[in-house]
Amino acid sequence: MEFCPYCGKQLNDGEVCTCQQSQAAHAAQSNNNQSVNNGQPVNNGQPQFNGQQGNNGQPQFNGQPQFNAQNMYNQATQSEPALKDIGDLVGGLLKKPADAVAKYVTTAKAPSVCILIGILAFISAAKELIYMISRNVKSTTSYYVPYKTSEIITGVIGEAVTIIGAAAIMALLLMLVINAFEKNSGVKVTYIQALAIATLVNLVYVPFTLVGTVIGIVPLKFFTYVASWVKSFGHAFGYILLFLGIRVVEKDDNHMPLTYASAALASAVLTTIIGLLF
């Protein structure tokens, strides 16, 4: 009894194993497949893996539309850096507000700034809704005239538009004024940086106004005073942050009063105009 020395197959007396012939034929077929289409693998209408590394070291498919899992993941998580920037800013206000503001303004990115404005607009709209509903409740036992449903909707939308519009107009004015004052110093403030600065004024004021509104619902005179104190604190804190934000990009402090006052004036005027419209 004999055995093939290559594959170990049991052979009859005088029998020759064909394993080597089969392997040779398989290798020849593989070579033919590799040589078709100018040396490229035949895809037969199907996407083929080309063995190369694409972006970020990830394998790519050749010649056909593909679903890239890495790109899908990047799109799904693209808001995470923006939320981290906002989280760092808010967290920094409790520890080192000047440093937190400086970092946020210096590295201002459109996604984080726009998301923050949207959050503040939502909070402000919620505050207005709570205020209007609470006043309607009070109107049953006091001299308040209740709001109609249409007035509530208009008021809530108007409050959100005010936050967004005030930030947009203030940012434009800040950019023009600062760049005009600093044209000889080489400072060039972008609109996104100016928008980040303009947003700072409402970063504390809007949430504290919401808290004050909720406190003011309590039908006791003392809580009315507390609500006013809370709103005043938020208002002062907001304008201090605005001052710190302007100072990040303003090289000459002598320009600070006019720049600061212009920004405050623009915010007040726009708020009045939007209030009249809504």
# chains A, B, ... in the order shown; residues from 1 in each chain; ligands from 1
>>> closest_atom_pairs(of="range 96-116 of chain A", to="range 249-272 of chain A", cutoff="12 Å", atoms="only C-alpha atoms", output="JSON lines")
{"residue": "A:Val101", "atom": "CA", "partner": "A:Val249", "partner_atom": "CA", "distance": 11.2}
{"residue": "A:Ala102", "atom": "CA", "partner": "A:Val249", "partner_atom": "CA", "distance": 8.9}
{"residue": "A:Lys103", "atom": "CA", "partner": "A:Val249", "partner_atom": "CA", "distance": 11.4}
{"residue": "A:Tyr104", "atom": "CA", "partner": "A:Val249", "partner_atom": "CA", "distance": 11.7}
{"residue": "A:Val105", "atom": "CA", "partner": "A:Val249", "partner_atom": "CA", "distance": 8.3}
{"residue": "A:Thr106", "atom": "CA", "partner": "A:Val249", "partner_atom": "CA", "distance": 8.1}
{"residue": "A:Thr107", "atom": "CA", "partner": "A:Val249", "partner_atom": "CA", "distance": 11.7}
{"residue": "A:Ala108", "atom": "CA", "partner": "A:Val249", "partner_atom": "CA", "distance": 11.9}
>>> atom_distance(atom1="CA of Leu210 in chain A", atom2="CA of Ser124 in chain A")
7.0 Å
>>> closest_residue(among="A:Ala194, A:Ala227, A:Leu244, A:Leu200", to="Ile178 in chain A", atoms="only C-alpha atoms")
A:Ala194
>>> closest_residue(among="A:Ser185, A:Val211, A:Ile273, A:Ile197", to="Gly238 in chain A", atoms="only C-alpha atoms")
A:Ile197
>>> residues_around(residues="Lys148 in chain A", least_positions_apart="2", cutoff="12 Å", atoms="only C-alpha atoms", output="VMD selection string")
chain A and resid 132 to 133 135 to 136 145 to 146 150 to 155
>>> atom_distance(atom1="CA of Phe223 in chain A", atom2="CA of Tyr147 in chain A")
23.0 Å
>>> residues_around(residues="Pro81 in chain A", least_positions_apart="6", cutoff="12 Å", atoms="only C-alpha atoms", output="list in words")
Asn74, Gln75, Gly87, Asp88, Thr107, Ala108, Lys109, Ala110, Pro111, Ser112, Val113 and Ile115 of chain A
>>> write_last_selection(atoms="N, CA, C and O atoms", output="PDB file, in the first residue's frame")
ATOM      1  N   ASN A  74     -18.897  59.185  10.657  1.00  0.00           N
ATOM      2  CA  ASN A  74     -18.449  60.567  10.813  1.00  0.00           C
ATOM      3  C   ASN A  74     -19.614  61.537  10.731  1.00  0.00           C
ATOM      4  O   ASN A  74     -19.676  62.524  11.473  1.00  0.00           O
ATOM      5  N   GLN A  75     -20.571  61.280   9.818  1.00  0.00           N
ATOM      6  CA  GLN A  75     -21.729  62.150   9.687  1.00  0.00           C
ATOM      7  C   GLN A  75     -22.614  62.072  10.922  1.00  0.00           C
ATOM      8  O   GLN A  75     -23.184  63.066  11.352  1.00  0.00           O
ATOM      9  N   GLY A  87     -20.080  72.541  25.939  1.00  0.00           N
ATOM     10  CA  GLY A  87     -19.921  72.010  27.287  1.00  0.00           C
ATOM     11  C   GLY A  87     -18.694  72.586  27.987  1.00  0.00           C
ATOM     12  O   GLY A  87     -18.744  72.921  29.180  1.00  0.00           O
ATOM     13  N   ASP A  88     -17.593  72.720  27.239  1.00  0.00           N
ATOM     14  CA  ASP A  88     -16.375  73.305  27.817  1.00  0.00           C
ATOM     15  C   ASP A  88     -16.603  74.758  28.206  1.00  0.00           C
ATOM     16  O   ASP A  88     -16.105  75.222  29.245  1.00  0.00           O
ATOM     17  N   THR A 107     -11.294  80.007  19.111  1.00  0.00           N
ATOM     18  CA  THR A 107     -11.476  78.806  18.272  1.00  0.00           C
ATOM     19  C   THR A 107     -12.926  78.665  17.804  1.00  0.00           C
ATOM     20  O   THR A 107     -13.393  77.550  17.593  1.00  0.00           O
ATOM     21  N   ALA A 108     -13.612  79.776  17.655  1.00  0.00           N
ATOM     22  CA  ALA A 108     -15.040  79.747  17.309  1.00  0.00           C
ATOM     23  C   ALA A 108     -15.280  78.970  16.019  1.00  0.00           C
ATOM     24  O   ALA A 108     -14.607  79.189  15.014  1.00  0.00           O
ATOM     25  N   LYS A 109     -16.248  78.062  16.071  1.00  0.00           N
ATOM     26  CA  LYS A 109     -16.635  77.261  14.912  1.00  0.00           C
ATOM     27  C   LYS A 109     -18.125  77.462  14.659  1.00  0.00           C
ATOM     28  O   LYS A 109     -18.922  77.555  15.600  1.00  0.00           O
ATOM     29  N   ALA A 110     -18.502  77.510  13.394  1.00  0.00           N
ATOM     30  CA  ALA A 110     -19.891  77.778  13.029  1.00  0.00           C
ATOM     31  C   ALA A 110     -20.875  76.782  13.650  1.00  0.00           C
ATOM     32  O   ALA A 110     -21.919  77.194  14.165  1.00  0.00           O
ATOM     33  N   PRO A 111     -20.606  75.458  13.631  1.00  0.00           N
ATOM     34  CA  PRO A 111     -21.581  74.520  14.210  1.00  0.00           C
ATOM     35  C   PRO A 111     -21.850  74.770  15.684  1.00  0.00           C
ATOM     36  O   PRO A 111     -23.007  74.794  16.116  1.00  0.00           O
ATOM     37  N   SER A 112     -20.795  74.964  16.480  1.00  0.00           N
ATOM     38  CA  SER A 112     -20.987  75.151  17.917  1.00  0.00           C
ATOM     39  C   SER A 112     -21.705  76.456  18.210  1.00  0.00           C
ATOM     40  O   SER A 112     -22.585  76.510  19.076  1.00  0.00           O
ATOM     41  N   VAL A 113     -21.367  77.525  17.487  1.00  0.00           N
ATOM     42  CA  VAL A 113     -22.016  78.821  17.709  1.00  0.00           C
ATOM     43  C   VAL A 113     -23.495  78.759  17.336  1.00  0.00           C
ATOM     44  O   VAL A 113     -24.362  79.235  18.083  1.00  0.00           O
ATOM     45  N   ILE A 115     -25.458  76.074  17.116  1.00  0.00           N
ATOM     46  CA  ILE A 115     -26.187  75.196  18.035  1.00  0.00           C
ATOM     47  C   ILE A 115     -26.469  75.924  19.346  1.00  0.00           C
ATOM     48  O   ILE A 115     -27.571  75.826  19.907  1.00  0.00           O
TER      49      ILE A 115
END
>>> residues_around(residues="Phe122 in chain A", least_positions_apart="3", cutoff="10 Å", atoms="only C-alpha atoms", output="list in words")
Leu116, Ile117, Gly118, Ile119, Ala125, Ala126, Lys127, Glu128, Val156, Ile157, Glu159, Ala160, Val161, Ile163 and Val206 of chain A
>>> atom_distance(atom1="CA of Gly92 in chain A", atom2="CA of Leu174 in chain A")
23.7 Å
>>> closest_residue(among="A:Leu195, A:His235, A:Ala100, A:Val189", to="Gly165 in chain A", atoms="only C-alpha atoms")
A:Leu195
